[in-house]
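Enquirer: What follows is upload.txt, compact mmCIF, C-alpha atoms.
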# COMPACT_ATOMS: atom_id res chain seq x y z
CA MET A 1 0.50 -11.62 -5.19
CA LEU A 2 -0.43 -14.10 -2.48
CA TYR A 3 -1.96 -11.49 -0.18
CA TYR A 4 -3.51 -8.99 -2.58
CA GLY A 5 -4.05 -11.35 -5.52
CA ALA A 6 -7.72 -11.95 -4.68
CA LEU A 7 -8.56 -8.27 -5.04
CA PRO A 8 -9.69 -7.03 -8.45
CA VAL A 9 -7.21 -4.54 -9.84
CA TYR A 10 -9.02 -2.84 -12.68
CA HIS A 11 -11.17 0.28 -12.63
CA TYR A 12 -12.77 1.97 -9.67
CA ASP A 13 -15.16 4.88 -9.91
CA GLY A 14 -16.09 6.38 -6.60
CA GLY A 15 -15.17 8.79 -3.90
CA ASP A 16 -13.64 8.79 -0.47
CA ILE A 17 -13.58 11.07 2.51
CA SER A 18 -11.15 11.02 5.40
CA LYS A 19 -10.57 12.90 8.61
CA ARG A 20 -7.43 12.99 10.71
CA PHE A 21 -7.48 13.47 14.49
CA GLU A 22 -4.69 13.93 16.99
CA VAL A 23 -5.21 11.21 19.57
CA GLY A 24 -2.71 10.78 22.38
CA GLU A 25 0.81 11.04 20.99
CA GLY A 26 -0.25 10.02 17.49
CA PHE A 27 -2.76 10.58 14.71
CA LEU A 28 -5.92 8.64 13.97
CA THR A 29 -7.28 8.68 10.42
CA VAL A 30 -10.86 7.67 9.70
CA LYS A 31 -11.70 7.00 6.07
CA ALA A 32 -14.82 5.96 4.16
CA PHE A 33 -15.06 4.93 0.50
CA GLY A 34 -17.87 4.08 -1.86
CA GLY A 35 -18.11 3.35 -5.56
CA HIS A 36 -18.22 0.84 -8.38
CA ALA A 37 -15.57 -1.56 -9.62
CA PHE A 38 -15.27 -2.91 -13.14
CA PHE A 39 -12.94 -5.75 -13.96
CA GLN A 40 -12.49 -8.56 -16.44
CA VAL A 41 -12.61 -12.20 -15.46
CA PRO A 42 -11.01 -14.74 -17.85
CA LEU A 43 -13.63 -17.28 -18.92
CA ASP A 44 -11.54 -19.49 -21.15
CA GLN A 45 -8.53 -19.22 -23.42
CA SER A 46 -9.85 -16.35 -25.49
CA SER A 47 -12.77 -14.63 -23.81
CA TYR A 48 -13.33 -12.41 -20.80
CA PHE A 49 -16.36 -11.48 -18.78
CA ASP A 50 -16.88 -7.83 -17.80
CA ALA A 51 -17.85 -7.93 -14.13
CA SER A 52 -19.27 -5.07 -12.14
CA SER A 53 -19.70 -4.67 -8.42
CA THR A 54 -20.64 -2.06 -5.86
CA LEU A 55 -18.16 -1.30 -3.13
CA ALA A 56 -18.29 0.37 0.26
CA ALA A 57 -15.41 0.52 2.69
CA GLY A 58 -14.22 2.01 5.92
CA SER A 59 -10.84 2.09 7.60
CA LEU A 60 -9.14 3.26 10.76
CA SER A 61 -5.41 3.89 10.88
CA TYR A 62 -3.27 5.10 13.73
CA GLU A 63 0.26 6.43 13.42
CA GLN A 64 2.55 7.17 16.31
CA GLY A 65 6.27 7.73 15.90
CA ASN A 66 7.71 4.72 14.08
CA TRP A 67 4.53 2.63 14.35
CA ARG A 68 1.46 2.40 12.12
CA ALA A 69 -1.63 0.27 12.64
CA ARG A 70 -4.57 -0.17 10.27
CA LEU A 71 -7.96 -1.83 10.34
CA SER A 72 -10.28 -1.89 7.34
CA VAL A 73 -13.43 -3.53 6.01
CA VAL A 74 -14.53 -3.55 2.36
CA TYR A 75 -18.01 -4.67 1.26
CA ASN A 76 -18.43 -5.97 -2.28
CA HIS A 77 -21.79 -6.68 -3.98
CA SER A 78 -21.72 -8.31 -7.41
CA ASN A 79 -24.10 -6.69 -9.86
CA ASN A 80 -24.12 -8.96 -12.90
CA GLU A 81 -24.00 -12.62 -13.78
CA ILE A 82 -21.16 -14.56 -15.35
CA PRO A 83 -22.47 -16.05 -18.63
CA LEU A 84 -21.14 -19.54 -17.99
CA MET A 85 -22.01 -22.26 -20.48
CA LEU A 86 -21.95 -24.77 -17.61
CA ALA A 87 -24.68 -22.90 -15.72
CA ALA A 88 -26.87 -22.85 -18.82
CA LEU A 89 -26.40 -26.60 -19.29
CA LEU A 90 -27.29 -27.28 -15.65
CA ARG A 91 -30.59 -25.43 -16.10
CA ASP A 92 -31.44 -27.38 -19.29
CA PRO A 93 -34.52 -29.59 -18.65
CA ARG A 94 -33.03 -32.40 -20.74
CA VAL A 95 -29.97 -32.50 -18.51
CA ASN A 96 -32.12 -32.40 -15.38
CA GLY A 97 -34.10 -35.31 -16.78
CA VAL A 98 -31.04 -37.58 -16.54
CA TRP A 99 -29.26 -35.73 -13.73
CA PRO A 100 -31.76 -34.95 -10.97
CA GLY A 101 -30.78 -31.87 -8.97
CA ALA A 102 -28.49 -30.47 -11.65
CA ALA A 103 -30.45 -27.20 -11.80
CA SER A 104 -29.78 -26.50 -8.13
CA LEU A 105 -26.03 -26.59 -8.85
CA SER A 106 -26.36 -23.67 -11.26
CA SER A 107 -26.88 -21.36 -8.27
CA GLU A 108 -23.42 -22.42 -7.07
CA LEU A 109 -22.05 -20.87 -10.25
CA SER A 110 -23.93 -17.63 -9.77
CA ILE A 111 -22.38 -14.37 -8.57
CA ARG A 112 -25.21 -11.87 -9.11
CA GLY A 113 -26.35 -10.46 -5.77
CA LYS A 114 -23.61 -12.34 -3.91
CA THR A 115 -21.47 -10.47 -1.42
CA ALA A 116 -17.96 -10.57 -0.05
CA TYR A 117 -16.34 -8.76 2.86
CA TYR A 118 -12.61 -8.08 2.92
CA ASN A 119 -11.51 -7.65 6.54
CA MET A 120 -7.93 -6.55 7.08
CA VAL A 121 -5.67 -5.64 9.99
CA GLY A 122 -2.05 -4.51 9.72
CA LEU A 123 0.88 -3.28 11.79
CA ALA A 124 4.08 -1.66 10.54
CA TYR A 125 7.31 -0.39 12.08
CA ASP A 126 9.93 1.81 10.43
CA ASP A 127 12.71 3.51 12.38
CA GLY A 128 14.60 4.53 9.26
CA THR A 129 16.98 1.58 9.47
CA TRP A 130 14.79 -1.41 10.29
CA LEU A 131 11.38 -2.05 8.74
CA ALA A 132 8.76 -4.60 9.66
CA GLN A 133 5.24 -5.02 8.37
CA ALA A 134 2.53 -7.60 8.95
CA GLU A 135 -1.00 -7.84 7.62
CA ALA A 136 -3.75 -10.40 8.03
CA ALA A 137 -6.96 -10.62 6.05
CA TYR A 138 -10.13 -12.65 6.03
CA ILE A 139 -12.35 -12.65 2.94
CA ASP A 140 -15.86 -13.69 3.85
CA SER A 141 -17.50 -14.69 0.57
CA THR A 142 -20.89 -16.10 -0.38
CA VAL A 143 -19.72 -17.01 -3.89
CA SER A 144 -19.11 -20.76 -4.07
CA PHE A 145 -16.26 -20.64 -6.54
CA TYR A 146 -14.65 -17.69 -4.74
CA PRO A 147 -14.42 -19.27 -1.31
CA SER A 148 -13.80 -17.51 1.97
CA THR A 149 -10.07 -17.18 2.45
CA ALA A 150 -7.65 -16.23 5.22
CA SER A 151 -4.24 -14.79 4.40
CA ALA A 152 -1.35 -13.09 6.13
CA TYR A 153 2.21 -11.98 5.56
CA LEU A 154 5.19 -10.76 7.53
CA SER A 155 7.91 -8.63 5.96
CA LEU A 156 11.24 -7.62 7.47
CA GLY A 157 13.77 -5.24 5.96
CA ARG A 158 16.88 -3.21 6.63
CA ARG A 159 18.17 -0.10 4.91
CA PHE A 160 21.84 0.21 3.95
CA GLY A 161 22.11 3.75 2.62
CA PRO A 162 20.09 3.90 -0.61
CA VAL A 163 19.52 0.10 -0.66
CA THR A 164 16.83 -1.69 1.32
CA VAL A 165 17.10 -5.46 1.65
CA TYR A 166 13.88 -7.22 2.57
CA SER A 167 12.27 -10.60 3.02
CA LEU A 168 8.64 -11.64 3.09
CA PHE A 169 6.78 -14.74 4.16
CA GLY A 170 3.11 -15.15 3.26
CA ILE A 171 0.38 -17.72 3.64
CA ALA A 172 -3.15 -17.97 2.22
CA GLU A 173 -5.74 -20.70 2.54
CA SER A 174 -9.40 -21.20 1.66
CA LEU A 175 -11.63 -21.95 4.62
CA ARG A 176 -14.53 -23.88 3.14
CA HIS A 177 -15.62 -27.42 2.55
CA ASP A 178 -16.17 -28.72 -0.95
CA VAL A 179 -19.69 -28.76 -2.37
CA LYS A 180 -20.80 -32.38 -2.79
CA LEU A 181 -22.22 -33.07 -6.25
CA SER A 182 -24.87 -35.67 -6.91
CA SER A 183 -24.27 -38.17 -9.72
CA PRO A 184 -26.22 -38.42 -13.01
CA ALA A 185 -28.74 -41.23 -13.21
CA LEU A 186 -27.31 -42.42 -16.52
CA PRO A 187 -23.64 -43.40 -16.93
CA LEU A 188 -23.16 -41.38 -20.12
CA PRO A 189 -19.64 -40.09 -20.91
CA GLU A 190 -21.06 -36.65 -21.79
CA LEU A 191 -22.77 -36.39 -18.40
CA ALA A 192 -19.64 -37.57 -16.61
CA ALA A 193 -17.64 -34.88 -18.42
CA LEU A 194 -20.24 -32.27 -17.52
CA ARG A 195 -20.17 -33.32 -13.87
CA GLU A 196 -16.37 -33.18 -13.85
CA GLY A 197 -16.45 -29.68 -15.34
CA VAL A 198 -19.01 -28.47 -12.81
CA ASP A 199 -17.04 -30.06 -9.97
CA PHE A 200 -13.89 -28.27 -11.12
CA ALA A 201 -15.68 -24.94 -11.56
CA ILE A 202 -17.20 -25.06 -8.07
CA ASN A 203 -14.53 -26.83 -6.05
CA GLY A 204 -11.35 -26.26 -8.04
CA ASN A 205 -10.81 -22.60 -7.20
CA GLY A 206 -9.44 -22.73 -3.71
CA VAL A 207 -6.38 -20.95 -2.40
CA ASP A 208 -3.69 -22.96 -0.69
CA GLU A 209 -0.28 -21.43 -0.92
CA LYS A 210 2.74 -20.22 0.97
CA SER A 211 5.37 -17.88 -0.35
CA LEU A 212 8.82 -16.64 0.49
CA ALA A 213 10.36 -13.58 -1.13
CA LEU A 214 13.78 -12.00 -0.95
CA GLY A 215 14.42 -8.65 -2.56
CA ALA A 216 16.34 -5.43 -2.67
CA ARG A 217 15.18 -1.93 -3.46
CA TRP A 218 17.66 0.65 -4.66
CA ASP A 219 16.60 4.30 -4.37
CA VAL A 220 18.41 5.65 -7.42
CA TYR A 221 17.05 9.18 -7.12
CA GLU A 222 14.52 10.90 -4.88
CA ASN A 223 11.75 9.90 -7.30
CA VAL A 224 13.09 6.69 -8.86
CA ASP A 225 13.78 3.28 -7.41
CA VAL A 226 14.67 -0.10 -8.87
CA LYS A 227 13.44 -3.28 -7.23
CA PHE A 228 14.82 -6.80 -7.64
CA GLU A 229 12.89 -9.70 -6.16
CA TRP A 230 12.83 -13.48 -6.11
CA SER A 231 9.64 -15.13 -4.89
CA HIS A 232 8.98 -18.80 -4.37
CA TYR A 233 5.41 -20.13 -4.07
CA TRP A 234 4.31 -23.50 -2.74
CA LEU A 235 0.87 -24.37 -4.12
CA GLY A 236 -1.35 -26.97 -2.51
CA GLN A 237 -3.96 -29.20 -4.15
CA GLN A 238 -6.64 -27.09 -5.90
CA GLY A 239 -4.99 -24.06 -4.38
CA ASP A 240 -4.00 -22.01 -7.41
CA GLN A 241 -6.99 -19.65 -7.64
CA LEU A 242 -4.71 -16.61 -7.58
CA TRP A 243 -2.91 -17.76 -10.71
CA ASP A 244 -4.29 -17.18 -14.20
CA ARG A 245 -4.30 -20.69 -15.62
CA ARG A 246 -5.56 -21.05 -19.18
CA GLU A 247 -5.80 -24.83 -19.35
CA PHE A 248 -7.03 -27.52 -17.02
CA GLY A 249 -4.28 -29.69 -15.73
CA PRO A 250 -2.31 -30.75 -12.71
CA VAL A 251 -1.63 -28.09 -10.12
CA PRO A 252 1.99 -26.94 -10.18
CA GLY A 253 3.58 -27.65 -6.82
CA ASN A 254 6.10 -24.82 -6.91
CA VAL A 255 6.50 -21.55 -8.77
CA ASN A 256 9.52 -19.28 -8.91
CA VAL A 257 9.12 -15.66 -9.91
CA TRP A 258 12.05 -13.36 -10.61
CA SER A 259 11.12 -9.74 -11.12
CA VAL A 260 12.76 -6.40 -11.77
CA GLY A 261 10.69 -3.26 -11.43
CA ILE A 262 11.26 0.46 -11.76
CA ASP A 263 9.05 2.87 -9.84
CA PHE A 264 8.69 6.53 -10.76
CA LEU A 265 7.15 9.35 -8.79
CA PHE A 266 5.91 12.33 -10.76
CA MET B 1 44.84 31.28 -1.79
CA LYS B 2 42.69 33.82 0.03
CA ARG B 3 39.68 32.47 -1.84
CA ILE B 4 40.45 28.93 -0.73
CA LEU B 5 40.89 30.03 2.88
CA LEU B 6 37.62 31.95 2.77
CA ALA B 7 35.80 28.94 1.30
CA LEU B 8 37.32 26.73 3.98
CA LEU B 9 36.26 29.12 6.74
CA LEU B 10 32.76 29.31 5.33
CA THR B 11 32.57 25.53 5.14
CA ILE B 12 33.73 25.17 8.74
CA GLY B 13 31.37 27.96 9.78
CA SER B 14 28.38 26.31 8.08
CA ALA B 15 29.28 22.91 9.49
CA LYS B 16 29.17 24.28 13.03
CA ALA B 17 26.09 26.44 12.61
CA ASP B 18 22.89 25.68 14.50
CA LEU B 19 19.60 25.64 12.61
CA VAL B 20 16.41 27.39 13.61
CA VAL B 21 12.86 26.57 12.62
CA ILE B 22 11.06 29.79 11.80
CA GLY B 23 7.47 30.91 11.39
CA HIS B 24 5.51 34.05 10.70
CA PRO B 25 5.08 36.41 13.69
CA LYS B 26 1.31 36.42 13.12
CA SER B 27 0.94 32.62 12.91
CA GLY B 28 -0.24 32.55 16.51
CA VAL B 29 2.44 29.99 17.34
CA GLU B 30 5.02 31.05 19.92
CA ALA B 31 7.17 27.91 19.86
CA LEU B 32 7.12 24.27 18.77
CA ASN B 33 8.80 21.20 20.17
CA ALA B 34 10.74 18.70 18.05
CA LYS B 35 7.81 16.26 17.83
CA GLN B 36 5.45 18.95 16.59
CA VAL B 37 7.93 20.01 13.89
CA GLN B 38 8.47 16.35 12.94
CA ASP B 39 4.74 15.83 12.56
CA ILE B 40 4.52 18.79 10.19
CA TYR B 41 7.61 17.93 8.15
CA LEU B 42 6.80 14.22 7.88
CA GLY B 43 3.29 14.91 6.61
CA ARG B 44 1.51 13.56 9.69
CA THR B 45 -0.37 16.80 10.17
CA ARG B 46 -1.07 19.83 8.02
CA ALA B 47 -1.78 22.19 10.90
CA PHE B 48 -0.04 23.94 13.77
CA PRO B 49 -1.17 23.08 17.33
CA ASN B 50 -3.56 26.07 17.09
CA LEU B 51 -5.15 24.26 14.07
CA LYS B 52 -4.06 26.93 11.58
CA PHE B 53 -2.78 25.60 8.24
CA ALA B 54 0.95 24.85 8.18
CA LEU B 55 3.03 25.01 4.98
CA PRO B 56 6.42 23.35 5.56
CA ILE B 57 9.32 24.46 3.37
CA ASP B 58 12.45 22.41 2.67
CA GLN B 59 15.76 23.55 1.27
CA ALA B 60 17.18 22.09 -1.92
CA ASN B 61 20.76 21.96 -0.65
CA TYR B 62 22.99 20.34 2.00
CA ARG B 63 21.00 22.02 4.78
CA ARG B 64 18.09 19.64 4.13
CA ALA B 65 20.20 16.66 5.22
CA GLU B 66 21.42 18.56 8.30
CA PHE B 67 17.89 19.52 9.25
CA TYR B 68 16.45 15.99 9.10
CA GLU B 69 19.48 14.52 10.84
CA LEU B 70 19.06 17.01 13.72
CA LEU B 71 15.27 16.77 13.84
CA THR B 72 14.69 13.05 13.35
CA GLY B 73 18.08 11.34 13.54
CA ARG B 74 17.41 9.96 10.05
CA SER B 75 19.58 10.31 6.96
CA LEU B 76 18.30 11.99 3.83
CA GLU B 77 18.08 8.57 2.11
CA GLN B 78 15.83 7.35 4.90
CA ILE B 79 13.69 10.48 4.66
CA ASN B 80 13.37 10.06 0.88
CA ALA B 81 12.34 6.43 1.33
CA TYR B 82 9.79 7.52 3.93
CA TRP B 83 8.30 10.04 1.49
CA ALA B 84 8.21 7.50 -1.32
CA ARG B 85 5.76 5.44 0.75
CA ILE B 86 3.66 8.47 1.68
CA VAL B 87 3.44 9.70 -1.91
CA PHE B 88 2.76 6.24 -3.41
CA THR B 89 -0.15 5.75 -1.03
CA GLY B 90 -1.54 9.17 -1.89
CA GLN B 91 -1.46 10.50 1.65
CA ALA B 92 0.54 13.69 1.18
CA SER B 93 3.22 15.44 -0.84
CA PRO B 94 6.70 16.28 0.44
CA PRO B 95 7.43 19.89 1.42
CA LEU B 96 8.15 22.46 -1.25
CA GLN B 97 11.89 23.01 -1.72
CA LEU B 98 13.48 26.45 -1.96
CA PRO B 99 17.09 27.12 -2.94
CA ASN B 100 18.57 28.81 0.14
CA ASP B 101 18.10 30.59 3.47
CA ALA B 102 17.20 33.91 1.83
CA ALA B 103 14.36 32.34 -0.18
CA VAL B 104 13.00 30.54 2.89
CA LEU B 105 13.22 33.70 4.99
CA SER B 106 11.40 35.69 2.33
CA THR B 107 8.63 33.10 1.94
CA VAL B 108 8.04 32.74 5.67
CA ARG B 109 8.01 36.52 6.03
CA ASP B 110 5.26 36.77 3.37
CA ASN B 111 3.06 33.80 4.43
CA GLU B 112 1.41 33.43 7.82
CA GLY B 113 1.20 29.64 7.53
CA ALA B 114 4.72 29.03 6.28
CA ILE B 115 7.32 27.24 8.38
CA GLY B 116 10.94 26.80 7.36
CA TYR B 117 14.45 26.25 8.64
CA ILE B 118 17.55 28.36 8.16
CA ASP B 119 20.97 28.91 9.61
CA ARG B 120 20.68 30.54 13.03
CA ALA B 121 22.93 33.37 11.84
CA SER B 122 20.49 34.22 9.02
CA VAL B 123 17.57 35.06 11.30
CA ASP B 124 16.29 38.62 11.39
CA GLY B 125 13.44 40.31 13.23
CA SER B 126 10.88 39.70 10.48
CA VAL B 127 10.27 36.06 11.50
CA ARG B 128 9.76 34.17 14.76
CA VAL B 129 12.08 31.39 15.92
CA LEU B 130 9.92 28.40 16.82
CA LEU B 131 12.61 25.83 17.59
CA LEU B 132 16.40 25.78 17.90
CA LEU B 133 18.21 22.72 16.60
CA ARG B 134 21.72 22.56 18.01
CA LYS B 135 24.47 20.61 16.33
Here is a file; write its structure as structure tokens.
Expert:
Amino acid sequence: MLYYGALPVYHYDGGDISKRFEVGEGFLTVKAFGGHAFFQVPLDQSSYFDASSTLAAGSLSYEQGNWRARLSVVYNHSNNEIPLMLAALLRDPRVNGVWPGAASLSSELSIRGKTAYYNMVGLAYDDGTWLAQAEAAYIDSTVSFYPSTASAYLSLGRRFGPVTVYSLFGIAESLRHDVKLSSPALPLPELAALREGVDFAINGNGVDEKSLALGARWDVYENVDVKFEWSHYWLGQQGDQLWDRREFGPVPGNVNVWSVGIDFLF
Amino acid sequence: MKRILLALLLTIGSAKADLVVIGHPKSGVEALNAKQVQDIYLGRTRAFPNLKFALPIDQANYRRAEFYELLTGRSLEQINAYWARIVFTGQASPPLQLPNDAAVLSTVRDNEGAIGYIDRASVDGSVRVLLLLRK
């Protein structure tokens, strides 16, 4: 959640090609991917926006004995605009008449033509008994309300027969400064509310969280496993972008998630 | 009683048997080392060192656990967990499983790219021994 939560998880249409080489004592895999992604972004309590973006990616992975290393870069180009009411209001000449510079803020709420790069590096070890995995990512974004973010996690586990016990510690944080908003010329309550809404939309979507997870995976059969996990998240101020919050309100300081999952292989 | 004794002898005999990794005589491969067989059976490569396609064959019985223990030092549970990751990430599929030595021998005999493992005592002249795994 903390590490992969920023990635859209809906539909991808595209293709990939990979080539594997024997290099030294191990194997190097080179992979390229290109395509389109379609996903829905919640706008408010009842409506969604269908977003579309073009993707291109490349990765290098090297596997030798019990070790695996991976390096990848994904390029994302947003193709359409979010129909935000706030952006429309900011472009309204009447609003700009009493709030000079409001129109320029509408570009901060724009995503069309904006880009983001997902840069990731990972290392994993698995000797059959002990498992360790670490990944670090940096999302370089030009979208104001989807700020550039750094994240990483470390996972350690041990197998006891068909049961694997594991722990995970993760951290994610936005790496940008807030956009400073000018103030309306008139002290009208409606304008103050509009400014507050714009401020929240632009600056209220940061990521600031740490997480700890403890879990166990039980391999019931060759193709079925059951996973039990407890995760605890510490959320900082304006740091809950990865959570789907339907109402404005104070940021929850802590979240506990208990989950049980069953995986099948067909 | 005789039946029980025979079963006991067979069990002891199978427990002490060495395994051999076998290939087709025309595969162009004379022998493999343990790492090369591991790479094929763990899905790291789909080719022999001579770059010809390799089709690994597992057994769907107790010999599978013996084979992976001898080859990798890992238990069958650890091997299954390893394959779960490989399959979930779409990298490869685990080897095809056949019921016994006779089926593996027959398949390797009929397919130039096939590679399998059987009891050392089951080997005949129709296949080539690529690696001996001693218990």
Enquirer: Would you please work out which residue, of A:Trp258, A:Phe38, A:Phe27, A:Tyr153, is nearest to chain B when using all atoms listed in the file?
Expert: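 Between A:Trp258, A:Phe38, A:Phe27, A:Tyr153, the residue approaching chain B most closely is A:Phe27.
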Enquirer: Could you list the residues in chain B lying within 10 Å of chain A, using all atoms listed in the file, and format the result as a PyMOL selection string?
Expert: chain B and resi 35+38-39+44-46+49+72-84+87-88
Enquirer: If we count only C-alpha atoms and set the cut-off at 7 Å, which residues sit around B:Tyr117, ignoring sequence neighbours fewer than 6 positions away in its own chain? Please answer as a PDB file with C-alpha atoms, keeping the file's coordinate frame.
Expert:
ATOM      1  CA  LEU B  19      19.600  25.640  12.610  1.00  0.00           C
ATOM      2  CA  VAL B  20      16.410  27.390  13.610  1.00  0.00           C
ATOM      3  CA  VAL B  21      12.860  26.570  12.620  1.00  0.00           C
ATOM      4  CA  ILE B  22      11.060  29.790  11.800  1.00  0.00           C
TER       5      ILE B  22
END
Enquirer: What separation in Å, quoted to one decimal, exists between atom CA of B:Ile86 and atom CA of B:Leu42?
Expert: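 Going from atom CA of B:Ile86 over to atom CA of B:Leu42, I get 9.0 Å.
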Enquirer: For A:Tyr117, work out the shell of residues within 7 Å, counting only C-alpha atoms and skipping chain neighbours fewer than 4 positions away, then give it as an MDAnalysis selection string.
Expert: chainID A and resid 73:76 139:141
Enquirer: Grab the atom CA of A:Pro184 to atom CA of A:Glu108 distance for me, in Å with one decimal place.
Expert: 17.3 Å
Enquirer: For the atom pair atom CA of A:Arg158 and atom CA of B:Leu70, what is the interatomic distance in Å to one decimal place?
Expert: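 A separation of 21.5 Å between them.
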Enquirer: With all atoms listed in the file as the basis for distance, which of B:Ala102, B:Gly43, B:Ala60, B:Thr89 is at the shortest distance from B:Ser122?
Expert: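 Nearest to B:Ser122: B:Ala102.
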Enquirer: Neighbours of B:Gln97 within 7 Å (only C-alpha atoms; same-chain residues fewer than 4 positions away dropped), as a list in words?
Expert: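 Answer for this query is Ile57, Asp58, Gln59 and Ala60 of chain B.
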Enquirer: Nearest residue to A:Trp99 out of A:Asp50, A:Glu209, A:Glu81, A:Glu190, using only C-alpha atoms?
Expert: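 Using only C-alpha atoms, A:Trp99 sits closest to A:Glu190.
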